[in-house]
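Source file: protein-v4.txt; contents: compact mmCIF, C-alpha atoms.
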# COMPACT_ATOMS: atom_id res chain seq x y z
CA MET I 1 -24.17 -126.61 15.72
CA GLY I 2 -21.33 -129.09 15.43
CA ILE I 3 -19.91 -129.98 18.79
CA LEU I 4 -22.65 -128.22 20.72
CA ASP I 5 -25.37 -130.72 19.80
CA LYS I 6 -23.69 -133.27 22.08
CA GLU I 7 -24.45 -133.07 25.73
CA PHE I 8 -21.74 -132.70 28.31
CA SER I 9 -22.02 -134.28 31.69
CA GLN I 10 -20.88 -131.04 33.31
CA GLU I 11 -22.31 -127.67 32.28
CA ASN I 12 -19.42 -125.35 33.06
CA ILE I 13 -17.66 -125.63 29.69
CA VAL I 14 -17.21 -122.72 27.30
CA ILE I 15 -16.18 -123.34 23.73
CA THR I 16 -14.30 -120.71 21.82
CA LYS I 17 -11.46 -120.22 19.38
CA PHE I 18 -7.99 -120.39 20.93
CA GLU I 19 -7.15 -117.11 19.20
CA ASP I 20 -10.14 -115.37 20.76
CA LEU I 21 -9.23 -116.73 24.17
CA MET I 22 -5.65 -115.46 23.87
CA ASN I 23 -6.77 -112.05 22.64
CA TRP I 24 -9.43 -111.77 25.32
CA SER I 25 -6.99 -112.58 28.09
CA ARG I 26 -4.39 -110.19 26.68
CA LEU I 27 -6.74 -107.25 26.35
CA SER I 28 -8.25 -107.86 29.77
CA SER I 29 -5.01 -107.63 31.70
CA LEU I 30 -2.93 -104.89 30.14
CA TRP I 31 -0.36 -104.20 32.82
CA GLN I 32 1.26 -100.85 32.26
CA VAL I 33 4.74 -99.66 33.18
CA GLY I 34 4.54 -97.39 36.22
CA PHE I 35 5.96 -94.49 34.29
CA GLY I 36 4.99 -90.86 33.83
CA LEU I 37 6.67 -87.85 32.30
CA ALA I 38 4.85 -84.54 32.69
CA CYS I 39 1.41 -83.06 33.28
CA CYS I 40 -0.18 -85.89 31.27
CA ALA I 41 1.08 -88.22 33.98
CA ILE I 42 -1.15 -86.40 36.46
CA GLU I 43 -4.16 -87.22 34.28
CA MET I 44 -2.91 -90.79 33.90
CA MET I 45 -2.65 -91.11 37.67
CA ALA I 46 -6.15 -89.63 37.99
CA THR I 47 -7.33 -92.29 35.54
CA SER I 48 -5.72 -94.95 37.70
CA ALA I 49 -7.32 -93.60 40.87
CA SER I 50 -10.70 -94.59 42.22
CA HIS I 51 -12.76 -92.01 40.36
CA TYR I 52 -12.03 -93.37 36.87
CA ASP I 53 -10.56 -96.70 38.00
CA PHE I 54 -8.27 -98.06 35.29
CA ASP I 55 -8.29 -101.34 37.16
CA ARG I 56 -11.79 -102.20 35.91
CA PHE I 57 -10.15 -102.70 32.48
CA GLY I 58 -7.36 -104.73 34.02
CA VAL I 59 -4.80 -101.96 33.81
CA ILE I 60 -2.53 -101.86 36.82
CA PRO I 61 0.86 -100.17 37.08
CA ARG I 62 3.83 -102.51 37.39
CA PRO I 63 7.14 -101.41 38.87
CA SER I 64 9.18 -103.27 36.27
CA PRO I 65 9.07 -103.18 32.45
CA ARG I 66 9.76 -106.95 32.50
CA GLN I 67 6.26 -107.56 33.90
CA SER I 68 4.45 -105.09 31.66
CA ASP I 69 2.43 -105.32 28.47
CA LEU I 70 1.73 -101.64 27.93
CA ILE I 71 3.62 -98.39 28.21
CA ILE I 72 1.72 -95.09 28.26
CA ILE I 73 4.00 -92.28 27.10
CA SER I 74 2.36 -89.60 29.20
CA GLY I 75 4.06 -86.28 28.59
CA THR I 76 6.86 -84.37 26.89
CA VAL I 77 9.55 -86.65 25.54
CA THR I 78 12.86 -84.83 25.79
CA LEU I 79 15.82 -86.02 23.77
CA LYS I 80 17.48 -87.12 26.99
CA MET I 81 14.40 -89.12 28.01
CA ALA I 82 13.88 -90.62 24.54
CA LEU I 83 16.93 -92.84 24.98
CA ARG I 84 15.56 -94.10 28.30
CA ILE I 85 12.10 -94.70 26.81
CA LYS I 86 13.66 -96.75 24.03
CA ARG I 87 15.52 -98.84 26.59
CA LEU I 88 12.37 -99.33 28.71
CA TYR I 89 10.46 -100.39 25.61
CA GLU I 90 13.17 -102.88 24.65
CA GLN I 91 13.10 -104.35 28.15
CA MET I 92 9.39 -105.19 27.91
CA PRO I 93 8.51 -108.73 26.82
CA ASP I 94 6.39 -109.32 23.73
CA PRO I 95 3.51 -108.77 23.11
CA LYS I 96 3.88 -105.11 24.01
CA TYR I 97 1.82 -102.05 23.22
CA VAL I 98 2.40 -98.31 23.30
CA ILE I 99 -0.14 -95.55 23.92
CA SER I 100 1.11 -92.07 23.10
CA MET I 101 -0.77 -89.70 25.39
CA GLY I 102 -1.06 -85.99 24.72
CA SER I 103 0.16 -83.57 22.07
CA CYS I 104 3.79 -83.55 23.24
CA SER I 105 4.40 -87.22 22.73
CA ASN I 106 2.24 -87.31 19.60
CA CYS I 107 4.07 -84.61 17.68
CA GLY I 108 6.04 -82.32 19.99
CA GLY I 109 3.02 -80.24 20.99
CA PRO I 110 3.79 -76.63 21.94
CA TYR I 111 7.51 -77.35 21.60
CA TRP I 112 7.25 -78.22 17.92
CA GLU I 113 9.31 -75.27 16.66
CA HIS I 114 11.47 -73.77 19.40
CA GLY I 115 11.82 -76.80 21.64
CA TYR I 116 15.52 -77.51 21.18
CA HIS I 117 15.26 -80.29 23.76
CA VAL I 118 12.06 -82.07 22.71
CA LEU I 119 11.65 -85.10 20.47
CA LYS I 120 8.91 -84.21 17.96
CA GLY I 121 6.81 -87.32 18.48
CA VAL I 122 7.66 -90.47 20.40
CA ASP I 123 6.96 -92.53 17.26
CA ARG I 124 10.44 -91.53 16.12
CA VAL I 125 11.91 -93.97 18.64
CA VAL I 126 9.22 -96.57 19.47
CA PRO I 127 6.22 -97.84 17.42
CA VAL I 128 2.95 -96.37 18.70
CA ASP I 129 -0.36 -98.26 18.67
CA VAL I 130 -2.80 -95.58 19.81
CA TYR I 131 -2.44 -91.79 19.81
CA VAL I 132 -4.55 -89.92 22.35
CA PRO I 133 -4.88 -86.21 21.48
CA GLY I 134 -5.26 -83.48 24.08
CA CYS I 135 -3.15 -81.15 26.16
CA PRO I 136 -3.43 -82.97 28.48
CA PRO I 137 -6.20 -85.43 27.55
CA ARG I 138 -8.95 -85.87 30.12
CA PRO I 139 -9.17 -89.28 31.80
CA GLU I 140 -12.16 -90.10 29.59
CA ALA I 141 -9.98 -89.57 26.52
CA LEU I 142 -7.32 -91.90 27.87
CA LEU I 143 -9.99 -94.50 28.62
CA GLU I 144 -11.23 -94.14 25.04
CA GLY I 145 -7.65 -94.69 23.86
CA LEU I 146 -7.44 -97.82 25.97
CA LEU I 147 -10.72 -99.12 24.49
CA LYS I 148 -9.29 -98.49 21.00
CA LEU I 149 -6.23 -100.52 21.95
CA GLN I 150 -8.41 -103.33 23.28
CA GLU I 151 -10.33 -103.29 20.01
CA LYS I 152 -7.04 -103.61 18.16
CA ILE I 153 -5.90 -106.53 20.30
CA ARG I 154 -9.28 -108.26 19.89
CA ASN I 155 -8.72 -108.42 16.13
CA GLU I 156 -5.20 -109.77 16.35
CA SER I 157 -4.30 -113.12 14.87
CA LEU I 158 -1.78 -115.68 16.02
CA VAL I 159 -0.75 -116.60 12.49
CA LYS I 160 -1.26 -113.35 10.62
CA LYS I 161 0.20 -109.96 11.44
CA VAL I 162 -2.69 -107.53 11.63
CA THR I 163 -1.77 -103.90 11.10
CA ALA I 164 -4.23 -101.11 11.62
CA MET E 165 18.85 -52.04 55.86
CA LYS E 166 21.00 -50.38 53.21
CA THR E 167 20.19 -49.12 49.74
CA THR E 168 22.10 -50.23 46.65
CA GLU E 169 23.89 -46.84 46.49
CA GLU E 170 25.16 -47.18 50.07
CA ILE E 171 26.43 -50.71 49.41
CA PHE E 172 28.00 -49.50 46.17
CA GLU E 173 29.95 -46.84 48.13
CA VAL E 174 31.15 -49.48 50.60
CA LEU E 175 32.30 -51.75 47.78
CA LYS E 176 33.84 -48.90 45.80
CA ASN E 177 35.93 -47.82 48.80
CA ARG E 178 37.12 -51.36 49.45
CA TYR E 179 37.58 -52.77 45.91
CA SER E 180 37.98 -49.61 43.84
CA GLU E 181 39.48 -51.27 40.77
CA ASP E 182 37.20 -54.28 40.65
CA ILE E 183 33.85 -52.46 40.81
CA ILE E 184 33.03 -51.16 37.35
CA GLY E 185 29.96 -49.10 38.08
CA ILE E 186 26.28 -48.97 38.85
CA THR E 187 23.55 -49.26 36.23
CA ASN E 188 20.01 -48.10 36.77
CA MET E 189 17.73 -50.61 35.12
CA PRO E 190 14.29 -50.06 36.68
CA PRO E 191 13.10 -51.47 38.97
CA GLU E 192 16.60 -52.58 39.91
CA LYS E 193 20.01 -51.00 40.25
CA ILE E 194 22.77 -53.33 39.13
CA ILE E 195 26.38 -53.25 40.35
CA ASP E 196 28.86 -54.39 37.71
CA VAL E 197 31.82 -56.40 38.99
CA LYS E 198 34.92 -57.62 37.17
CA PRO E 199 34.89 -61.40 36.50
CA ASP E 200 38.07 -62.22 38.43
CA ALA E 201 36.84 -60.31 41.52
CA ILE E 202 33.37 -61.77 41.98
CA PHE E 203 34.55 -64.41 44.44
CA LYS E 204 36.24 -62.02 46.87
CA VAL E 205 33.44 -59.46 46.57
CA SER E 206 30.87 -62.18 47.31
CA ALA E 207 32.89 -63.44 50.26
CA PHE E 208 32.99 -59.89 51.64
CA LEU E 209 29.25 -59.40 51.12
CA ILE E 210 28.35 -62.54 53.08
CA ASN E 211 30.92 -62.07 55.86
CA ASP E 212 30.53 -58.36 56.63
CA PRO E 213 28.15 -58.08 59.62
CA ASP E 214 26.55 -54.86 58.31
CA LEU E 215 25.78 -56.44 54.93
CA ASP E 216 25.36 -60.16 55.73
CA PHE E 217 24.05 -61.33 52.36
CA ASP E 218 23.36 -64.91 53.39
CA ASN E 219 20.89 -65.83 50.65
CA LEU E 220 21.60 -66.19 46.94
CA MET E 221 18.07 -65.94 45.59
CA ILE E 222 18.94 -66.66 41.96
CA LEU E 223 21.96 -66.81 39.74
CA SER E 224 21.17 -66.47 36.05
CA GLY E 225 23.22 -66.59 32.91
CA LEU E 226 22.24 -64.57 29.86
CA ASP E 227 23.38 -63.78 26.36
CA ASP E 228 23.52 -60.00 25.96
CA ALA E 229 23.43 -60.31 22.15
CA ASN E 230 25.44 -57.08 21.81
CA GLY E 231 27.97 -58.31 19.26
CA THR E 232 28.02 -57.58 15.55
CA LYS E 233 25.16 -59.39 13.86
CA THR E 234 26.25 -61.13 10.68
CA ASN E 235 23.63 -62.70 8.44
CA GLN E 236 24.41 -66.05 6.90
CA PRO E 237 23.34 -67.06 3.37
CA ASP E 238 20.88 -69.65 4.74
CA GLY E 239 18.86 -67.04 6.64
CA SER E 240 20.39 -67.67 10.05
CA PHE E 241 22.61 -65.19 11.86
CA GLU E 242 25.60 -65.08 14.14
CA PHE E 243 26.80 -62.67 16.77
CA VAL E 244 30.51 -61.97 16.58
CA GLY E 245 31.97 -60.50 19.75
CA GLY E 246 29.72 -59.20 22.50
CA THR E 247 29.35 -60.45 26.03
CA LEU E 248 27.65 -63.06 28.17
CA SER E 249 26.50 -62.03 31.63
CA VAL E 250 25.91 -63.69 34.96
CA VAL E 251 23.46 -61.90 37.28
CA TYR E 252 23.39 -62.55 41.02
CA HIS E 253 20.30 -61.60 43.05
CA ILE E 254 21.26 -61.73 46.70
CA GLU E 255 19.42 -60.95 49.91
CA SER E 256 20.12 -60.58 53.59
CA THR E 257 17.51 -62.38 55.64
CA LYS E 258 18.72 -60.50 58.73
CA HIS E 259 18.87 -56.90 57.44
CA ARG E 260 16.13 -57.43 54.80
CA HIS E 261 18.05 -55.74 52.00
CA LYS E 262 18.66 -56.97 48.50
CA LEU E 263 21.35 -56.44 45.89
CA VAL E 264 21.91 -57.26 42.23
CA LEU E 265 25.42 -57.99 40.98
CA ARG E 266 26.39 -58.54 37.38
CA VAL E 267 29.51 -60.00 35.79
CA SER E 268 30.06 -59.66 32.03
CA VAL E 269 32.53 -61.84 30.18
CA PRO E 270 33.54 -61.73 26.51
CA LYS E 271 31.81 -64.37 24.41
CA GLU E 272 35.09 -65.56 22.91
CA ASN E 273 36.50 -66.43 26.35
CA PRO E 274 33.57 -66.64 28.80
CA VAL E 275 35.46 -67.45 31.99
CA THR E 276 34.52 -66.19 35.45
CA GLU E 277 34.85 -67.41 39.01
CA SER E 278 32.55 -69.78 40.86
CA VAL E 279 30.82 -68.61 44.06
CA VAL E 280 29.92 -72.12 45.25
CA LYS E 281 32.23 -71.77 48.23
CA VAL E 282 30.30 -68.64 49.29
CA TRP E 283 26.72 -69.77 48.55
CA ALA E 284 26.48 -73.54 48.18
CA CYS E 285 23.20 -73.25 46.27
CA ALA E 286 25.11 -71.65 43.40
CA ASP E 287 26.27 -75.15 42.41
CA TRP E 288 23.33 -76.13 40.22
CA HIS E 289 22.65 -72.53 39.13
CA GLU E 290 26.16 -72.25 37.74
CA ARG E 291 25.82 -75.61 36.05
CA GLU E 292 22.62 -74.35 34.41
CA ALA E 293 24.30 -71.13 33.27
CA TYR E 294 27.09 -73.24 31.83
CA ASP E 295 24.64 -75.59 30.17
CA MET E 296 22.37 -72.94 28.63
CA VAL E 297 24.68 -70.06 27.63
CA GLY E 298 28.15 -71.53 28.07
CA VAL E 299 29.70 -69.45 30.85
CA ILE E 300 32.64 -71.29 32.39
CA PHE E 301 33.04 -71.00 36.16
CA ASN E 302 36.56 -71.58 37.44
CA ASN E 303 36.87 -73.57 40.69
CA HIS E 304 33.41 -75.09 40.34
CA PRO E 305 33.45 -78.59 41.92
CA ASN E 306 31.48 -80.33 39.18
CA LEU E 307 30.91 -78.19 36.11
CA ILE E 308 28.98 -80.54 33.80
CA ARG E 309 25.72 -80.13 31.92
CA ILE E 310 22.63 -80.28 34.11
CA LEU E 311 19.60 -80.16 31.77
CA MET E 312 20.84 -81.15 28.32
CA PRO E 313 22.28 -84.66 27.76
CA TYR E 314 25.85 -85.07 28.96
CA ASP E 315 27.08 -85.81 25.44
CA TRP E 316 25.35 -82.80 23.86
CA ASP E 317 27.89 -81.23 21.53
CA ALA E 318 25.71 -78.87 19.48
CA GLY E 319 26.39 -75.79 21.59
CA TYR E 320 24.50 -73.77 24.16
CA PRO E 321 20.74 -73.57 23.45
CA LEU E 322 19.92 -70.18 24.99
CA ARG E 323 22.51 -68.25 22.99
CA LYS E 324 20.72 -66.00 20.54
CA ASP E 325 22.57 -67.44 17.54
CA TYR E 326 22.12 -71.09 18.56
CA LYS E 327 21.29 -73.50 15.75
CA ASN E 328 19.60 -76.81 16.47
CA PRO E 329 21.39 -79.87 15.12
CA GLU E 330 19.73 -82.06 12.50
CA PHE E 331 20.22 -85.28 14.45
CA TYR E 332 20.99 -86.32 18.02
CA GLN E 333 22.02 -89.97 18.49
CA GLY E 334 20.19 -90.95 15.31
CA MET E 335 16.97 -89.15 16.29
CA LYS E 336 15.79 -86.36 14.02
CA VAL E 337 15.53 -83.15 16.05
CA PRO E 338 13.64 -80.61 13.85
CA TYR E 339 9.88 -81.02 13.40
What do you get writing this file as C-alpha cells?
Amino acid sequence: MGILDKEFSQENIVITKFEDLMNWSRLSSLWQVGFGLACCAIEMMATSASHYDFDRFGVIPRPSPRQSDLIIISGTVTLKMALRIKRLYEQMPDPKYVISMGSCSNCGGPYWEHGYHVLKGVDRVVPVDVYVPGCPPRPEALLEGLLKLQEKIRNESLVKKVTA
Amino acid sequence: MKTTEEIFEVLKNRYSEDIIGITNMPPEKIIDVKPDAIFKVSAFLINDPDLDFDNLMILSGLDDANGTKTNQPDGSFEFVGGTLSVVYHIESTKHRHKLVLRVSVPKENPVTESVVKVWACADWHEREAYDMVGVIFNNHPNLIRILMPYDWDAGYPLRKDYKNPEFYQGMKVPY
C-alpha cells in the first residue's frame, strides 16, 4: 500500500493525486456567467431555482465573467449577440467551459434556413464542450449536460491536453 | 364614433389633392395618403376634436412586391420598380373609432415623412420599418437600425428579394 502502511498520528489526512484534487475542485464549483438569451434561459433559471437546485452541483450564477468558469449559451444566438458572446467568453479566465443549450445555439434550430439574423450554431464563434439538445431542454436535460461536463473535467490532465 | 367613409369625406374636403382614395380590403378599409402629406394629415387627425386620434396602435412597413420580377441565373430573383408601403393603424380612445392609413413610396426612392412629432411612439416603429424594409422617414430624430446590427450593410431583410450575405464580421451566415 506504499505510504498507507505507515501510521499517522492524526487521522484526518486524505491522500490523492494532485491532478485528481484539482479536477475535483474544478468540477465541484463551476460558477456560471449570469447570462441568458431566450426561452432556454427560462429553463436555465428553473434549473437554478429550488426545485432542481443547480447549487447542489456547485453551480451558482456570477455577475461578472471575470469570476466565472462556465458559460451556458441558453437560447438563440443572433449575429448581433454573437459578437458580445465572443467578448464575454474572452473575458473569462482559464480554465473555462461552454455548454450550448438548446437547438438554436447548437445549430440554429428553427431559424436554420430563413433566419437572416441568427448564427447557425454558437460553435462558430466559441468552442463548445457540451451540447444539450432540446427546444428548450428540460431542466433534467441541462443537469445531464452538466454531469457530462463534470465527467469531462474529471478526466482532464495537467500535463496532457485531453480532447473528447 | 365615425366610420371610415365619414372620416374619408372629412379628409377629402380638407386635403383634396393629398388623399388618393379609399381601398376596401376586408375586414378593413384603407385610406391612401400621399407621402409628403402624411404629417399634416396626421396632425389634423389628432388635433380635430371630432376625430381625436390620440393612439397610434401600430405602424408597419411592408414590401408590396408589385414590381417586375426578374429571375437571376443563380435561381434568385429581383423586383424592379414597385412600391414599399407604410400602414398606420390609429384609434381614438375617446370616440372609440379606428382608422387605417397607408402611404406608398416608390422602391427606388422610398422617402416619406416621420410622424414622431404627432405620435411619439412612432419613433421605434419607424426605425423598425427603416431597418426591415428600408423606408426612409424625413425629420425622424434618430433614424438608425433598431434590430439588425448597426453596421449591417447587406440590405433590408424583409424585402422580398433580399439575399443573405455569405459572411458578417467573419462569421458564416448561411447554414
Inset, instruction - Residues of chain I no more than 10 Å from chain E, counting all atoms listed in the file: send them over as a list in words. - result: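 Every residue of chain I that passes the 10 Å test is in Thr78, Leu79, Lys80, Met81, Ala82, Leu83, Cys107, Gly108, Tyr111, Trp112, Glu113, His114, Gly115, Tyr116, His117, Val118, Leu119, Lys120, Gly121, Arg124 and Val125 of chain I.
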Inset, instruction - Could you tell me which of E:Leu307, E:Glu255, E:Pro190, E:Phe217 comes closest to E:Val280 if we count all atoms listed in the file? - result: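 Counting all atoms listed in the file, the residue closest to E:Val280 is E:Leu307.
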Name the residues in contact with E:Gly185 at a cut-off of 12 Å, using all atoms listed in the file, excluding same-chain residues fewer than 4 positions from it; report them as a PDB file with C-alpha atoms, in the coordinates of the input.
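Listed below is the output, around.pdb:
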ATOM      1  CA  THR E 168      22.100 -50.230  46.650  1.00  0.00           C
ATOM      2  CA  GLU E 169      23.890 -46.840  46.490  1.00  0.00           C
ATOM      3  CA  ILE E 171      26.430 -50.710  49.410  1.00  0.00           C
ATOM      4  CA  PHE E 172      28.000 -49.500  46.170  1.00  0.00           C
ATOM      5  CA  GLU E 173      29.950 -46.840  48.130  1.00  0.00           C
ATOM      6  CA  LEU E 175      32.300 -51.750  47.780  1.00  0.00           C
ATOM      7  CA  LYS E 176      33.840 -48.900  45.800  1.00  0.00           C
ATOM      8  CA  TYR E 179      37.580 -52.770  45.910  1.00  0.00           C
ATOM      9  CA  SER E 180      37.980 -49.610  43.840  1.00  0.00           C
ATOM     10  CA  GLU E 181      39.480 -51.270  40.770  1.00  0.00           C
ATOM     11  CA  LYS E 193      20.010 -51.000  40.250  1.00  0.00           C
ATOM     12  CA  ILE E 194      22.770 -53.330  39.130  1.00  0.00           C
ATOM     13  CA  ILE E 195      26.380 -53.250  40.350  1.00  0.00           C
ATOM     14  CA  ASP E 196      28.860 -54.390  37.710  1.00  0.00           C
ATOM     15  CA  VAL E 197      31.820 -56.400  38.990  1.00  0.00           C
ATOM     16  CA  LYS E 198      34.920 -57.620  37.170  1.00  0.00           C
ATOM     17  CA  LEU E 265      25.420 -57.990  40.980  1.00  0.00           C
ATOM     18  CA  ARG E 266      26.390 -58.540  37.380  1.00  0.00           C
ATOM     19  CA  VAL E 267      29.510 -60.000  35.790  1.00  0.00           C
TER      20      VAL E 267
END
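Within the 8 Å cut-off around E:Lys324, using only C-alpha atoms and omitting residues fewer than 5 positions from it on the same chain, the listed residues are Asp227, Ala229 and Phe243 of chain E.
Distances from E:Pro199, E:Pro213, E:Pro191, E:Gly225 to E:Leu248 were compared using all atoms listed in the file, and the smallest one belongs to E:Gly225.
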Inset, instruction - Rounded to one decimal place, report the atom CA of E:Pro270-atom CA of E:Tyr294 distance in Å. - result: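 About the pair atom CA of E:Pro270 and atom CA of E:Tyr294: they are 14.2 Å apart.
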Legend entry - Selection near I:Thr47, 8 Å with all atoms listed in the file, sequence-local residues under 5 positions removed, as a PyMOL selection string: chain I and resi 52-54+139-140+142-143
Inset, instruction - Give me, please, the distance in Å between atom CA of I:Ser68 and atom CA of I:Ser103, quoted to one decimal. - result: 23.9 Å
Inset, instruction - Return the single residue from E:Met296, E:Ala207, E:Ala318, E:Val174 that is closest to E:Val282, with distances computed using only C-alpha atoms. - result: E:Ala207
Taking the partial coordinates given, rebuild stretch 211-237 of chain E to contain N, CA and C atoms; return it as an mmCIF file, in the frame of the given file.
data_model
loop_
_atom_site.group_PDB
_atom_site.id
_atom_site.type_symbol
_atom_site.label_atom_id
_atom_site.label_comp_id
_atom_site.auth_asym_id
_atom_site.auth_seq_id
_atom_site.Cartn_x
_atom_site.Cartn_y
_atom_site.Cartn_z
ATOM 1 N N ASN E 211 30.248 -62.038 54.565
ATOM 2 C CA ASN E 211 30.920 -62.070 55.860
ATOM 3 C C ASN E 211 30.790 -60.768 56.636
ATOM 4 N N ASP E 212 30.606 -59.645 55.931
ATOM 5 C CA ASP E 212 30.530 -58.360 56.630
ATOM 6 C C ASP E 212 29.243 -58.303 57.471
ATOM 7 N N PRO E 213 29.355 -58.039 58.763
ATOM 8 C CA PRO E 213 28.150 -58.080 59.620
ATOM 9 C C PRO E 213 27.106 -57.029 59.268
ATOM 10 N N ASP E 214 27.529 -55.886 58.682
ATOM 11 C CA ASP E 214 26.550 -54.860 58.310
ATOM 12 C C ASP E 214 25.817 -55.201 57.014
ATOM 13 N N LEU E 215 26.415 -56.074 56.208
ATOM 14 C CA LEU E 215 25.780 -56.440 54.930
ATOM 15 C C LEU E 215 25.114 -57.816 55.043
ATOM 16 N N ASP E 216 25.897 -58.843 55.376
ATOM 17 C CA ASP E 216 25.360 -60.160 55.730
ATOM 18 C C ASP E 216 24.417 -60.728 54.672
ATOM 19 N N PHE E 217 24.890 -60.767 53.427
ATOM 20 C CA PHE E 217 24.050 -61.330 52.360
ATOM 21 C C PHE E 217 24.156 -62.857 52.409
ATOM 22 N N ASP E 218 23.253 -63.467 53.167
ATOM 23 C CA ASP E 218 23.360 -64.910 53.390
ATOM 24 C C ASP E 218 22.559 -65.729 52.393
ATOM 25 N N ASN E 219 21.789 -65.078 51.525
ATOM 26 C CA ASN E 219 20.890 -65.830 50.650
ATOM 27 C C ASN E 219 21.104 -65.434 49.201
ATOM 28 N N LEU E 220 21.560 -66.402 48.388
ATOM 29 C CA LEU E 220 21.600 -66.190 46.940
ATOM 30 C C LEU E 220 20.257 -66.615 46.385
ATOM 31 N N MET E 221 19.428 -65.594 46.024
ATOM 32 C CA MET E 221 18.070 -65.940 45.590
ATOM 33 C C MET E 221 18.080 -66.613 44.235
ATOM 34 N N ILE E 222 18.851 -66.034 43.281
ATOM 35 C CA ILE E 222 18.940 -66.660 41.960
ATOM 36 C C ILE E 222 20.236 -66.228 41.315
ATOM 37 N N LEU E 223 20.800 -67.122 40.567
ATOM 38 C CA LEU E 223 21.960 -66.810 39.740
ATOM 39 C C LEU E 223 21.549 -67.144 38.310
ATOM 40 N N SER E 224 21.613 -66.178 37.407
ATOM 41 C CA SER E 224 21.170 -66.470 36.050
ATOM 42 C C SER E 224 22.237 -66.100 35.042
ATOM 43 N N GLY E 225 22.336 -66.892 34.018
ATOM 44 C CA GLY E 225 23.220 -66.590 32.910
ATOM 45 C C GLY E 225 22.421 -66.030 31.758
ATOM 46 N N LEU E 226 22.980 -65.075 31.011
ATOM 47 C CA LEU E 226 22.240 -64.570 29.860
ATOM 48 C C LEU E 226 23.190 -64.152 28.745
ATOM 49 N N ASP E 227 22.646 -64.207 27.540
ATOM 50 C CA ASP E 227 23.380 -63.780 26.360
ATOM 51 C C ASP E 227 22.954 -62.351 26.066
ATOM 52 N N ASP E 228 23.890 -61.404 26.153
ATOM 53 C CA ASP E 228 23.520 -60.000 25.960
ATOM 54 C C ASP E 228 23.222 -59.677 24.500
ATOM 55 N N ALA E 229 23.677 -60.505 23.583
ATOM 56 C CA ALA E 229 23.430 -60.310 22.150
ATOM 57 C C ALA E 229 23.849 -58.918 21.700
ATOM 58 N N ASN E 230 24.996 -58.429 22.169
ATOM 59 C CA ASN E 230 25.440 -57.080 21.810
ATOM 60 C C ASN E 230 26.637 -57.106 20.875
ATOM 61 N N GLY E 231 26.884 -58.241 20.233
ATOM 62 C CA GLY E 231 27.970 -58.310 19.260
ATOM 63 C C GLY E 231 27.523 -57.800 17.907
ATOM 64 N N THR E 232 28.367 -57.984 16.904
ATOM 65 C CA THR E 232 28.020 -57.580 15.550
ATOM 66 C C THR E 232 27.225 -58.713 14.895
ATOM 67 N N LYS E 233 26.026 -58.367 14.442
ATOM 68 C CA LYS E 233 25.160 -59.390 13.860
ATOM 69 C C LYS E 233 25.548 -59.597 12.406
ATOM 70 N N THR E 234 25.905 -60.824 12.063
ATOM 71 C CA THR E 234 26.250 -61.130 10.680
ATOM 72 C C THR E 234 25.251 -62.142 10.145
ATOM 73 N N ASN E 235 24.623 -61.801 9.020
ATOM 74 C CA ASN E 235 23.630 -62.700 8.440
ATOM 75 C C ASN E 235 24.324 -63.741 7.572
ATOM 76 N N GLN E 236 23.849 -64.966 7.688
ATOM 77 C CA GLN E 236 24.410 -66.050 6.900
ATOM 78 C C GLN E 236 23.556 -66.233 5.644
ATOM 79 N N PRO E 237 24.119 -66.854 4.604
ATOM 80 C CA PRO E 237 23.340 -67.060 3.370
ATOM 81 C C PRO E 237 22.069 -67.886 3.579
#
